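Engineer: Structure: work.txt, compact mmCIF, C-alpha atoms.
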# COMPACT_ATOMS: atom_id res chain seq x y z
CA MET L 1 17.15 -14.10 37.86
CA ASN L 2 18.40 -16.88 35.61
CA GLN L 3 16.30 -18.39 32.86
CA VAL L 4 15.28 -21.98 33.66
CA VAL L 5 15.37 -24.83 31.13
CA PHE L 6 13.61 -28.16 31.62
CA ILE L 7 14.97 -31.16 29.68
CA SER L 8 12.97 -34.40 29.61
CA ARG L 9 16.07 -36.52 30.05
CA ASP L 10 17.94 -37.68 33.13
CA PRO L 11 21.13 -35.69 33.85
CA GLU L 12 23.51 -38.49 32.85
CA ASP L 13 21.98 -38.45 29.35
CA SER L 14 22.45 -34.70 28.88
CA GLU L 15 25.72 -33.90 30.66
CA SER L 16 27.37 -31.86 27.91
CA LEU L 17 24.19 -29.91 27.08
CA ILE L 18 23.66 -29.11 30.75
CA SER L 19 27.26 -27.90 30.95
CA LEU L 20 26.73 -25.60 27.96
CA LEU L 21 23.59 -24.16 29.55
CA HIS L 22 25.19 -23.65 32.97
CA ASP L 23 28.17 -21.92 31.38
CA ASP L 24 25.76 -19.49 29.69
CA GLY L 25 23.92 -18.68 32.92
CA PHE L 26 20.87 -20.96 32.63
CA ASP L 27 19.47 -23.02 35.47
CA VAL L 28 18.55 -26.56 34.38
CA ILE L 29 15.98 -29.11 35.50
CA SER L 30 16.82 -32.46 33.89
CA ARG L 31 14.33 -35.25 34.50
CA SER L 32 12.96 -37.97 32.26
CA MET L 33 9.19 -38.39 32.36
CA ILE L 34 9.44 -42.06 31.39
CA LYS L 35 11.17 -45.22 32.53
CA THR L 36 12.42 -47.90 30.17
CA GLU L 37 12.50 -51.64 30.80
CA MET L 38 14.26 -54.36 28.86
CA VAL L 39 12.09 -56.87 27.01
CA SER L 40 13.74 -60.25 26.52
CA PHE L 41 13.80 -61.51 22.96
CA PRO L 42 14.56 -64.99 21.58
CA LYS L 43 18.24 -65.73 21.05
CA GLU L 44 17.28 -67.01 17.61
CA PHE L 45 15.99 -64.05 15.62
CA PRO L 46 15.80 -63.59 11.83
CA MET L 47 19.23 -63.39 10.18
CA THR L 48 18.53 -60.35 8.04
CA ASP L 49 20.83 -58.33 5.80
CA TRP L 50 20.60 -55.30 8.11
CA ILE L 51 19.88 -54.44 11.75
CA PHE L 52 18.47 -50.94 12.34
CA PHE L 53 18.20 -49.00 15.61
CA SER L 54 15.87 -46.04 16.12
CA SER L 55 17.12 -44.94 19.55
CA VAL L 56 19.99 -45.12 22.00
CA ASN L 57 17.84 -47.31 24.27
CA ALA L 58 17.29 -49.77 21.43
CA VAL L 59 21.05 -50.19 21.09
CA LYS L 60 21.58 -50.58 24.84
CA TYR L 61 18.85 -53.14 25.40
CA PHE L 62 19.71 -55.11 22.26
CA PHE L 63 23.38 -55.58 23.08
CA GLN L 64 22.74 -56.14 26.80
CA GLN L 65 21.19 -59.45 25.79
CA ALA L 66 24.40 -60.65 24.11
CA PRO L 67 22.80 -61.29 20.71
CA LYS L 68 24.53 -63.30 18.03
CA TRP L 69 24.98 -61.85 14.55
CA SER L 70 27.14 -62.66 11.58
CA THR L 71 27.53 -60.51 8.46
CA GLN L 72 24.69 -58.03 8.93
CA LEU L 73 25.16 -54.36 8.21
CA PHE L 74 24.03 -51.88 10.84
CA GLY L 75 22.00 -48.67 10.50
CA CYS L 76 20.59 -46.13 12.93
CA ILE L 77 18.39 -43.04 13.12
CA GLY L 78 20.97 -40.35 13.92
CA ASP L 79 24.26 -39.28 15.45
CA LYS L 80 23.51 -39.96 19.14
CA THR L 81 22.32 -43.46 18.36
CA ALA L 82 25.37 -43.92 16.12
CA SER L 83 27.64 -42.91 19.00
CA GLU L 84 26.12 -45.63 21.21
CA LEU L 85 26.13 -48.19 18.38
CA SER L 86 29.79 -47.52 17.68
CA LYS L 87 30.64 -49.05 21.07
CA TYR L 88 29.73 -52.42 19.57
CA VAL L 89 29.91 -52.22 15.75
CA THR L 90 30.57 -49.72 12.98
CA PRO L 91 27.32 -48.37 11.52
CA THR L 92 27.05 -48.38 7.73
CA PHE L 93 24.05 -46.02 7.63
CA VAL L 94 23.39 -43.03 9.92
CA GLY L 95 20.34 -40.83 9.37
CA ARG L 96 21.17 -37.16 8.80
CA SER L 97 17.72 -35.55 8.80
CA MET L 98 15.52 -34.23 11.61
CA ASP L 99 12.55 -35.62 9.70
CA PRO L 100 12.32 -39.41 10.19
CA MET L 101 10.47 -39.78 6.89
CA ILE L 102 13.43 -38.31 5.01
CA THR L 103 15.74 -40.70 6.87
CA ALA L 104 13.36 -43.53 6.03
CA GLN L 105 13.48 -42.70 2.33
CA SER L 106 17.28 -42.45 2.32
CA PHE L 107 17.58 -45.80 4.07
CA ALA L 108 15.04 -47.43 1.75
CA GLU L 109 16.95 -46.24 -1.30
CA LEU L 110 20.12 -47.77 0.12
CA VAL L 111 18.79 -51.18 1.14
CA GLY L 112 16.32 -51.77 -1.71
CA HIS L 113 14.71 -55.16 -1.13
CA GLN L 114 17.25 -56.39 1.40
CA SER L 115 15.81 -57.61 4.69
CA VAL L 116 16.04 -55.47 7.83
CA LEU L 117 15.64 -56.31 11.52
CA PHE L 118 14.34 -53.29 13.47
CA ALA L 119 15.32 -53.43 17.14
CA GLY L 120 13.17 -51.02 19.12
CA ALA L 121 10.39 -50.28 21.59
CA GLU L 122 7.04 -51.99 21.79
CA ASP L 123 5.30 -48.66 21.06
CA SER L 124 7.55 -47.69 18.15
CA LEU L 125 6.06 -45.31 15.57
CA ARG L 126 7.68 -47.52 12.87
CA SER L 127 8.52 -44.52 10.69
CA ILE L 128 11.51 -46.15 9.00
CA GLN L 129 9.70 -49.45 8.45
CA SER L 130 6.92 -47.67 6.57
CA ALA L 131 9.27 -46.86 3.67
CA LEU L 132 10.26 -50.49 3.08
CA PRO L 133 8.38 -53.42 1.50
CA PRO L 134 6.53 -55.24 4.31
CA SER L 135 8.18 -58.51 3.29
CA SER L 136 11.59 -56.97 4.06
CA VAL L 137 10.71 -55.83 7.59
CA HIS L 138 11.25 -57.83 10.79
CA ASP L 139 10.50 -56.17 14.15
CA LEU L 140 12.30 -57.14 17.35
CA ILE L 141 10.98 -55.59 20.56
CA CYS L 142 13.82 -55.18 23.04
CA TYR L 143 12.43 -52.57 25.45
CA LYS L 144 9.27 -50.83 26.57
CA THR L 145 8.53 -47.42 28.06
CA ARG L 146 6.32 -46.57 31.01
CA PRO L 147 5.13 -43.13 32.22
CA HIS L 148 7.02 -41.77 35.21
CA PRO L 149 5.58 -38.27 35.70
CA CYS L 150 6.48 -35.79 38.39
CA VAL L 151 5.66 -32.15 39.08
CA ILE L 152 8.19 -29.80 37.46
CA GLU L 153 8.86 -26.30 38.77
CA HIS L 154 8.26 -23.42 36.39
CA ALA L 155 10.68 -23.32 33.45
CA ASN L 156 11.03 -20.68 30.77
CA VAL L 157 11.94 -23.26 28.12
CA LEU L 158 10.85 -26.90 28.03
CA VAL L 159 12.78 -29.38 25.88
CA PHE L 160 10.95 -32.62 25.07
CA SER L 161 12.88 -35.60 23.73
CA SER L 162 10.00 -37.89 22.71
CA PRO L 163 6.21 -38.11 22.39
CA SER L 164 6.02 -40.41 25.43
CA ASN L 165 7.82 -37.79 27.53
CA VAL L 166 5.31 -35.18 26.36
CA ARG L 167 2.30 -37.29 27.30
CA SER L 168 3.75 -38.24 30.69
CA PHE L 169 4.65 -34.60 31.48
CA PHE L 170 1.05 -33.51 30.94
CA GLN L 171 -0.25 -36.00 33.48
CA LEU L 172 0.87 -33.71 36.31
CA ASN L 173 1.89 -30.46 34.60
CA HIS L 174 0.65 -27.87 32.14
CA ILE L 175 2.36 -25.33 29.87
CA GLY L 176 1.60 -21.64 30.12
CA ALA L 177 1.30 -19.16 27.27
CA ASN L 178 4.70 -17.58 28.01
CA GLN L 179 6.65 -20.83 28.18
CA LYS L 180 8.58 -21.92 25.09
CA CYS L 181 8.78 -25.54 23.92
CA ILE L 182 11.42 -27.34 21.87
CA ALA L 183 10.62 -30.72 20.31
CA PHE L 184 13.04 -33.41 19.22
CA GLY L 185 11.60 -33.86 15.75
CA PRO L 186 8.19 -33.91 14.05
CA SER L 187 6.64 -36.76 16.06
CA THR L 188 7.39 -35.00 19.36
CA LYS L 189 6.05 -31.72 17.97
CA LYS L 190 2.90 -33.55 16.85
CA ALA L 191 2.39 -34.83 20.42
CA LEU L 192 2.69 -31.25 21.73
CA ASP L 193 0.27 -30.00 19.07
CA ALA L 194 -2.26 -32.65 20.09
CA LEU L 195 -2.17 -31.34 23.66
CA GLY L 196 -2.76 -27.75 22.61
CA VAL L 197 0.82 -26.47 22.60
CA ARG L 198 1.29 -24.03 19.74
CA ASN L 199 4.45 -22.82 18.03
CA SER L 200 6.87 -25.38 19.47
CA MET L 201 10.27 -25.30 17.79
CA ILE L 202 12.26 -28.13 16.21
CA PRO L 203 16.05 -27.61 16.34
CA GLN L 204 18.00 -27.75 13.11
CA SER L 205 20.17 -30.43 14.71
CA LEU L 206 19.88 -32.73 17.73
CA SER L 207 23.54 -32.24 18.57
CA ASP L 208 24.15 -30.50 21.89
CA ASP L 209 25.16 -27.35 20.00
CA GLY L 210 21.99 -27.52 17.90
CA ILE L 211 19.73 -27.85 20.93
CA PHE L 212 21.63 -25.15 22.80
CA HIS L 213 21.22 -22.79 19.84
CA ALA L 214 17.46 -23.51 19.73
CA ILE L 215 17.15 -22.76 23.45
CA LYS L 216 19.03 -19.48 23.03
CA GLN L 217 16.84 -18.57 20.07
CA SER L 218 13.65 -19.35 21.97
CA VAL L 219 14.46 -17.04 24.89
CA THR L 220 15.30 -14.11 22.61
CA SER L 221 12.35 -14.44 20.20
For the structure just supplied, provide its representation as structure tokens.

Structural biologist:
Amino acid sequence: MNQVVFISRDPEDSESLISLLHDDGFDVISRSMIKTEMVSFPKEFPMTDWIFFSSVNAVKYFFQQAPKWSTQLFGCIGDKTASELSKYVTPTFVGRSMDPMITAQSFAELVGHQSVLFAGAEDSLRSIQSALPPSSVHDLICYKTRPHPCVIEHANVLVFSSPSNVRSFFQLNHIGANQKCIAFGPSTKKALDALGVRNSMIPQSLSDDGIFHAIKQSVTS
């Protein structure tokens, strides 16, 4: 009987990872536990030195509103967000660490006291902002998340992509002692810890290969 992997993302957001897992004999349940909605923002927003994006959704909902910018530089949290951002502009800064606080420090060292517009969700953890002088930070809410839980069949490995997905999952599901959990970074692991999940794993990389390797490691440990 095949091992089953649950991924808290919709299939269109995990196509290549799902393909890797299928090719290796895994069955996959791919289903986001949240829904996102665009939040309209004023066409006139602060003309900062930088615009920073902390998620793929932030990029999508920002550019869907046809914003106007001029000479700003662009930064983002990691490679997947950079891939989406590159459809519109060339990012100058891309975070390279799984720990958002390390990314925050690297970004802060680069920008100094330059001003930064942070496009993101209304419930953002504001990890990157915390490393910058408050006078340099401007927040722009461009989307919000809402729980969208459903009952998930038993999976050997559960992969959670965000704290909000963790919290929504637990509204209708629980995790047994023999199930393994993989968290997309420290904040997602912290959400699992808060709900009593012990020994969740953080991949060394959030690339598809990195997540696939973590899944393989979890089923053999």

Engineer: Could you list, as a count of residues only, every residue within 9 Å of range 56-70 of chain L, counting all atoms listed in the file and ignoring same-chain residues fewer than 2 positions away?

Structural biologist: 26

Engineer: So which residues touch Leu158 in chain L within 6 Å, counting only C-alpha atoms, skipping near sequence neighbours fewer than 4 positions away, as an mmCIF file with C-alpha atoms, in the frame of the given file?

Structural biologist:
data_model
loop_
_atom_site.group_PDB
_atom_site.id
_atom_site.type_symbol
_atom_site.label_atom_id
_atom_site.label_comp_id
_atom_site.auth_asym_id
_atom_site.auth_seq_id
_atom_site.Cartn_x
_atom_site.Cartn_y
_atom_site.Cartn_z
ATOM 1 C CA VAL L 5 15.370 -24.830 31.130
ATOM 2 C CA PHE L 6 13.610 -28.160 31.620
ATOM 3 C CA CYS L 181 8.780 -25.540 23.920
#

Engineer: Distance CA of Ile202 in chain L-CA of Ser164 in chain L, one decimal place?

Structural biologist: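 Distance reported for this atom pair: 16.6 Å.
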
Engineer: From the set L:Ser8, L:Thr90, L:Arg96, L:Gln3, which residue has the shortest atom-to-atom contact distance to Thr220 in chain L, counting all atoms listed in the file?

Structural biologist: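 The answer is L:Gln3, which sits nearest to Thr220 in chain L.
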
Engineer: From the set L:Arg198, L:Asn178, L:Leu206, L:Ser30, which residue has the shortest atom-to-atom contact distance to Glu15 in chain L, counting all atoms listed in the file?

Structural biologist: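 For Glu15 in chain L, the nearest of the candidates is L:Ser30.
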
Engineer: Give me the residues near Asn2 in chain L as an NGL selection string, where near means some atom within 7 Å (using all atoms listed in the file) and where sequence neighbours in that chain fewer than 4 positions away do not count.

Structural biologist: :L and (25-27)

Engineer: Of the candidates L:Ile34, L:Met98, L:Leu117, L:Val219, which one gets nearest to Phe170 in chain L if we count all atoms listed in the file?

Structural biologist: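 Among the listed residues, L:Ile34 lies closest to Phe170 in chain L.
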
Engineer: Between L:Gly95, L:Pro100, L:Pro133, L:Gly185, single out the one closest to Val159 in chain L, counting only C-alpha atoms.

Structural biologist: L:Gly185

Engineer: Tell me which of L:Thr92, L:Asn173, L:Thr48, L:Ser19 sits closest to His138 in chain L, counting only C-alpha atoms.

Structural biologist: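 Closest to His138 in chain L of all the choices is L:Thr48.
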
Engineer: Could you check which residues have any atom within 9 Å of (4.9, -36.8, 37.3), counting all atoms listed in the file with coordinates taken straight from the file, and then list them as a list in words?

Structural biologist: Met33, Pro147, His148, Pro149, Cys150, Val151, Ile152, Ser168, Phe169, Phe170, Gln171, Leu172 and Asn173 of chain L

Engineer: To one decimal place, how far is CA of Thr145 in chain L from CA of Arg167 in chain L in Å?

Structural biologist: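 Interatomic distance, CA of Thr145 in chain L to CA of Arg167 in chain L: 11.9 Å.
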
Engineer: Would you mind telling me which residue in L:Ile77, L:Leu17, L:Val111, L:Ile51 lies nearest to Val89 in chain L when using only C-alpha atoms?

Structural biologist: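 Answer, going by the shortest atom-to-atom distance: L:Ile51.
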
Engineer: So how far away is CA of Arg9 in chain L from CA of Trp50 in chain L, in Å?

Structural biologist: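 The value is 29.2 Å.
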
Engineer: Write range 155-166 of chain L as a short mmCIF file (atom, residue, chain, number, x, y, z; two decimals), in the frame of the given file, completed to N, CA and C atoms.

Structural biologist:
data_model
loop_
_atom_site.label_atom_id
_atom_site.label_comp_id
_atom_site.auth_asym_id
_atom_site.auth_seq_id
_atom_site.Cartn_x
_atom_site.Cartn_y
_atom_site.Cartn_z
N ALA L 155 9.51 -23.49 34.32
CA ALA L 155 10.68 -23.32 33.45
C ALA L 155 10.31 -22.40 32.31
N ASN L 156 11.26 -21.59 31.90
CA ASN L 156 11.03 -20.68 30.77
C ASN L 156 11.00 -21.43 29.45
N VAL L 157 11.85 -22.46 29.34
CA VAL L 157 11.94 -23.26 28.12
C VAL L 157 11.84 -24.73 28.51
N LEU L 158 11.02 -25.47 27.78
CA LEU L 158 10.85 -26.90 28.03
C LEU L 158 11.29 -27.67 26.80
N VAL L 159 12.21 -28.60 26.98
CA VAL L 159 12.78 -29.38 25.88
C VAL L 159 12.29 -30.82 26.02
N PHE L 160 11.54 -31.28 25.02
CA PHE L 160 10.95 -32.62 25.07
C PHE L 160 11.66 -33.54 24.06
N SER L 161 12.07 -34.70 24.54
CA SER L 161 12.88 -35.60 23.73
C SER L 161 12.09 -36.69 23.03
N SER L 162 10.80 -36.84 23.36
CA SER L 162 10.00 -37.89 22.71
C SER L 162 8.52 -37.65 22.96
N PRO L 163 7.65 -38.23 22.14
CA PRO L 163 6.21 -38.11 22.39
C PRO L 163 5.79 -38.69 23.73
N SER L 164 6.40 -39.80 24.15
CA SER L 164 6.02 -40.41 25.43
C SER L 164 6.38 -39.50 26.60
N ASN L 165 7.48 -38.76 26.49
CA ASN L 165 7.82 -37.79 27.53
C ASN L 165 6.81 -36.65 27.57
N VAL L 166 6.34 -36.22 26.41
CA VAL L 166 5.31 -35.18 26.36
C VAL L 166 4.05 -35.64 27.09
#
